[in-house]
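Input: a single structure, listed below in structure tokens.
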Amino acid sequence: MKAFCIALVALAGCGSRQSGNQYGFVTTLGRDTLSVERAVRRGDTVTMESVDRFPRVRIRHTEVVLAPDRSIRRMVMDIRTPSAPLAKDRDRHVTAEFGQDSLKVSVRDSSGTETRTFASEGGLVLPHVQQMYSLAELYIDAAVARGRALKIAPGDSVTVTQFYPDAPLDNFIFHDGWVQPHRGDSVEIWHGMISGVGFAMVDSSGRLMRYDGSQSTYKVDVRRLTTLPDVEGMSARMTAAERKSGAVQLSVRDTTRAIVGAATFMVDYGRPLARGRRLLFDVIEKDQVWRTGANAATQFSTSAPITLAGLALAPGMYTLWSAPHEHGVDLIVSKQTGQWGTDYDPSHDLGSAPLIVATAADTVEKFTISIAQTDAKHGALLLAWGTFRWTAPIVLR
């Protein structure tokens, strides 16, 4: 995967100094840049130019009109996806009209125009685009304003209903979310597409200064820029890189297969990248259960009865989880399979056992699981990322 390791000064250097109604955002995951945005606010209208790669490059021009209560009255978004396989998905024009009790959405693409109206039952409905924080700023501000109007105390949450401009109308869904202002400048956010919460830092005018996703599925860091970014230049660079190497998932799915004696093994798992981040007790939280990879839960199968780190496994499919502590790491084997990696349920545990822990001098960028054979009866499940090396002995029974 091509890394966009661009310093914020260099990223913004081609733009101009921002004024009070002009601003920008950059979203990073470790040393990689995921999105860049530029916005202009004039009265109740906000115009945004943005590009993100999550995972395909999407270039957006968005205009939002705000209502007096700071909710969104109207949104128009043009989305260009250069690498989309289907022509109708490459250019998409979305218009959303927010009524008192309904949301009217119109989508125009190369196949024509489709319009639908959805009941909102008087709730606060807001658009959500992953990694678009100029829009998230309006989302947060509208929810906080609604909370003040309803006299909700600091520390209590404001419920919102969100929809996704990127989704086709035939797969249209609402997701519930909430925004929880705290005293001071901190706002806690949860929405339906992530597990965990994000933390926004806002100023007294409601401007988003920073967003920290380290406690959520999307472990991004978002910062307001002091100079306006060159969105067009970044769009061209991201598009050129995608044309050269193709769209790449942030954490690719991979499969490891191996044979030890008479047993056949398979591991299906997501492979996150280190991206220059601190892994243990940061990306992988201390004393918390980790999915041992990314995205869907890590699947492990054996064709023969074995012990794995001393745990007795019958032939079949399992999921593997891990929990790092100050002085060791536990491997957890679950009998539940097919679940998303944030849906860990301890009631399905077969058991847990300590892994053999070591540190290496060399660094592994992409999380790697492998299986090595020692002899016809013995082998090892090996987990490597960054400088940590975890091992679970395998013994055929």
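Convention: chains lettered A, B, ... in structure tokens order; per-chain residue numbering from 1; ligands numbered from 1 as shown.
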- Write out as a list in words each polymer residue whose atoms come within 9 Å of Asp44 (chain A), counting only C-alpha atoms; drop sequence neighbours fewer than 6 positions from it. Val64, Val65, Leu66, Ala67, Pro68 and Arg70 of chain A
Item to complete: Please identify all polymer residues within 9 Å of region 269-285 of chain A, counting only C-alpha atoms, omitting same-chain residues fewer than 2 positions from it, and present them as JSON, numbers by chain.
Response: {"A": [3, 29, 30, 31, 32, 214, 215, 219, 250, 251, 252, 253, 254, 255, 256, 267, 287, 288, 289, 290, 292, 293, 294, 295, 296, 297, 298, 299, 300, 323, 324, 325, 326, 364, 365, 366, 367, 368, 369, 385, 386, 388]}
Restricted to C-alpha atoms, what would the selected residues look like written as a short mmCIF file (atom, residue, chain, number, x, y, z; two decimals), in the first residue's frame?
data_model
loop_
_atom_site.label_atom_id
_atom_site.label_comp_id
_atom_site.auth_asym_id
_atom_site.auth_seq_id
_atom_site.Cartn_x
_atom_site.Cartn_y
_atom_site.Cartn_z
CA ALA A 3 1.85 5.51 2.12
CA LEU A 29 -3.89 6.93 10.56
CA GLY A 30 -0.38 6.64 11.95
CA ARG A 31 1.87 8.18 9.31
CA ASP A 32 -0.67 7.79 6.48
CA SER A 214 -8.12 5.92 19.33
CA GLN A 215 -10.91 4.49 21.50
CA LYS A 219 -8.25 4.88 15.18
CA LEU A 250 -6.70 -0.24 5.02
CA SER A 251 -6.38 -3.72 6.52
CA VAL A 252 -6.35 -6.46 3.88
CA ARG A 253 -7.82 -9.91 4.53
CA ASP A 254 -5.43 -12.84 4.21
CA THR A 255 -5.37 -16.60 4.71
CA THR A 256 -2.62 -18.78 6.13
CA VAL A 267 -6.16 -18.98 9.64
CA ASP A 287 -6.02 -5.42 29.57
CA GLN A 288 -8.59 -5.37 26.74
CA VAL A 289 -9.58 -8.18 24.39
CA TRP A 290 -8.17 -7.64 20.88
CA THR A 292 -5.97 -10.43 16.88
CA GLY A 293 -6.09 -8.66 13.55
CA ALA A 294 -8.59 -6.28 11.95
CA ASN A 295 -12.19 -6.14 10.78
CA ALA A 296 -13.95 -9.55 11.05
CA ALA A 297 -12.88 -11.91 13.84
CA THR A 298 -9.81 -14.06 13.21
CA GLN A 299 -10.87 -17.58 12.19
CA PHE A 300 -8.77 -20.66 13.01
CA ALA A 323 -5.43 -9.77 25.67
CA PRO A 324 -2.07 -8.10 26.44
CA HIS A 325 -1.23 -7.26 30.03
CA GLU A 326 1.68 -5.56 31.72
CA VAL A 364 7.11 -6.22 10.91
CA GLU A 365 4.93 -3.56 9.22
CA LYS A 366 1.93 -5.77 8.37
CA PHE A 367 0.44 -7.94 11.12
CA THR A 368 1.36 -11.53 10.26
CA ILE A 369 0.10 -14.89 11.49
CA TRP A 385 3.67 -7.17 14.39
CA GLY A 386 6.00 -4.28 15.00
CA PHE A 388 6.44 -8.09 19.28
#
Among A:Ser352, A:Gln336, A:Gln373, A:Thr33, Asp52 (chain A) is approached most closely, using only C-alpha atoms, by A:Thr33
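Computed from the coordinates, the CA of Ala247 (chain A) to CA of Ser83 (chain A) distance equals 7.4 Å.
Our summary of the geometry notes that CA of Phe163 (chain A) is positioned 12.1 Å from CA of Met75 (chain A).
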- [ ] Please return as a ChimeraX atom specification: the residues of region 88-305 of chain A that backbone DSSP assigns to alpha helix (DSSP H).
- [x] /A:133-149,231-245
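Ranking A:Arg223, A:Thr239, A:Thr28, A:Val144 by their shortest atom-to-atom distance to Ser204 (chain A), with only C-alpha atoms included, puts A:Val144 first.
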- Do you know which residues are at most 10 Å from region 20-26 of chain A counting only C-alpha atoms, after dropping those on the same chain fewer than 5 positions away, and could you put them as a ChimeraX atom specification? /A:8,11-12,33-43,46-52,131-134,207-210,221-231
Export of the given selection (N, CA and C atoms) as a short mmCIF file (atom, residue, chain, number, x, y, z; two decimals), in the first residue's frame:
data_model
loop_
_atom_site.label_atom_id
_atom_site.label_comp_id
_atom_site.auth_asym_id
_atom_site.auth_seq_id
_atom_site.Cartn_x
_atom_site.Cartn_y
_atom_site.Cartn_z
N LEU A 8 2.19 17.94 7.98
CA LEU A 8 1.07 18.86 7.87
C LEU A 8 1.48 20.18 7.24
N LEU A 11 1.62 19.58 3.58
CA LEU A 11 0.27 19.33 3.09
C LEU A 11 -0.46 20.63 2.84
N ALA A 12 -0.30 21.57 3.75
CA ALA A 12 -1.05 22.81 3.65
C ALA A 12 -0.29 23.91 2.92
N THR A 33 -1.96 9.55 5.45
CA THR A 33 -3.04 10.52 5.32
C THR A 33 -4.24 9.86 4.66
N LEU A 34 -5.40 9.91 5.33
CA LEU A 34 -6.62 9.31 4.80
C LEU A 34 -7.51 10.32 4.11
N SER A 35 -7.55 11.56 4.60
CA SER A 35 -8.41 12.56 3.98
C SER A 35 -7.88 13.96 4.23
N VAL A 36 -8.23 14.85 3.30
CA VAL A 36 -7.88 16.26 3.40
C VAL A 36 -9.12 17.06 3.00
N GLU A 37 -9.38 18.15 3.73
CA GLU A 37 -10.60 18.93 3.50
C GLU A 37 -10.33 20.42 3.58
N ARG A 38 -11.13 21.17 2.83
CA ARG A 38 -11.09 22.64 2.88
C ARG A 38 -12.54 23.12 2.90
N ALA A 39 -12.85 24.08 3.76
CA ALA A 39 -14.23 24.56 3.88
C ALA A 39 -14.28 26.07 3.95
N VAL A 40 -15.37 26.63 3.46
CA VAL A 40 -15.65 28.06 3.53
C VAL A 40 -17.06 28.23 4.08
N ARG A 41 -17.20 29.07 5.09
CA ARG A 41 -18.51 29.31 5.68
C ARG A 41 -18.90 30.76 5.48
N ARG A 42 -20.07 30.96 4.84
CA ARG A 42 -20.61 32.30 4.62
C ARG A 42 -22.06 32.30 5.11
N GLY A 43 -22.28 32.94 6.25
CA GLY A 43 -23.62 32.97 6.82
C GLY A 43 -24.08 31.58 7.18
N VAL A 46 -22.25 26.49 4.08
CA VAL A 46 -20.89 25.96 4.20
C VAL A 46 -20.58 25.17 2.93
N THR A 47 -19.46 25.52 2.27
CA THR A 47 -19.01 24.83 1.06
C THR A 47 -17.73 24.08 1.37
N MET A 48 -17.69 22.81 1.00
CA MET A 48 -16.56 21.94 1.37
C MET A 48 -15.98 21.24 0.15
N GLU A 49 -14.66 21.22 0.06
CA GLU A 49 -13.94 20.43 -0.94
C GLU A 49 -13.13 19.39 -0.16
N SER A 50 -13.23 18.13 -0.56
CA SER A 50 -12.53 17.10 0.22
C SER A 50 -12.15 15.92 -0.65
N VAL A 51 -11.15 15.18 -0.19
CA VAL A 51 -10.77 13.92 -0.82
C VAL A 51 -10.45 12.94 0.30
N ASP A 52 -10.91 11.70 0.14
CA ASP A 52 -10.58 10.67 1.12
C ASP A 52 -10.30 9.37 0.38
N GLN A 131 -14.60 9.78 7.63
CA GLN A 131 -13.38 10.56 7.36
C GLN A 131 -13.67 11.89 6.67
N MET A 132 -14.85 12.46 6.88
CA MET A 132 -15.15 13.82 6.42
C MET A 132 -15.52 14.65 7.63
N TYR A 133 -14.56 15.38 8.18
CA TYR A 133 -14.74 16.02 9.47
C TYR A 133 -15.22 17.46 9.37
N SER A 134 -15.19 18.05 8.18
CA SER A 134 -15.88 19.33 8.00
C SER A 134 -17.38 19.12 8.12
N ARG A 207 -16.40 25.14 17.03
CA ARG A 207 -15.51 24.69 15.95
C ARG A 207 -14.75 23.44 16.40
N LEU A 208 -14.69 22.46 15.53
CA LEU A 208 -13.95 21.23 15.81
C LEU A 208 -12.46 21.51 15.67
N MET A 209 -11.71 21.35 16.75
CA MET A 209 -10.27 21.60 16.73
C MET A 209 -9.48 20.32 16.53
N ARG A 210 -9.99 19.21 17.09
CA ARG A 210 -9.30 17.94 16.96
C ARG A 210 -10.28 16.81 17.22
N ASP A 221 -6.61 10.19 13.74
CA ASP A 221 -6.32 11.45 14.41
C ASP A 221 -6.66 12.56 13.43
N VAL A 222 -7.49 13.50 13.84
CA VAL A 222 -7.96 14.57 12.96
C VAL A 222 -7.56 15.91 13.57
N ARG A 223 -7.01 16.77 12.74
CA ARG A 223 -6.57 18.08 13.22
C ARG A 223 -7.07 19.19 12.30
N ARG A 224 -7.46 20.28 12.92
CA ARG A 224 -7.81 21.49 12.17
C ARG A 224 -6.51 22.13 11.71
N LEU A 225 -6.45 22.54 10.47
CA LEU A 225 -5.23 23.08 9.90
C LEU A 225 -5.17 24.59 10.06
N THR A 226 -3.98 25.10 10.25
CA THR A 226 -3.78 26.54 10.37
C THR A 226 -3.62 27.22 9.02
N THR A 227 -3.39 26.42 7.97
CA THR A 227 -3.37 26.94 6.60
C THR A 227 -4.28 26.08 5.75
N LEU A 228 -4.82 26.65 4.69
CA LEU A 228 -5.76 25.91 3.85
C LEU A 228 -5.03 24.88 3.01
N PRO A 229 -5.48 23.65 2.98
CA PRO A 229 -4.78 22.58 2.27
C PRO A 229 -5.04 22.61 0.77
N ASP A 230 -4.12 22.04 0.03
CA ASP A 230 -4.24 21.90 -1.42
C ASP A 230 -5.00 20.61 -1.70
N VAL A 231 -6.33 20.67 -1.62
CA VAL A 231 -7.16 19.48 -1.80
C VAL A 231 -7.03 18.95 -3.23
#
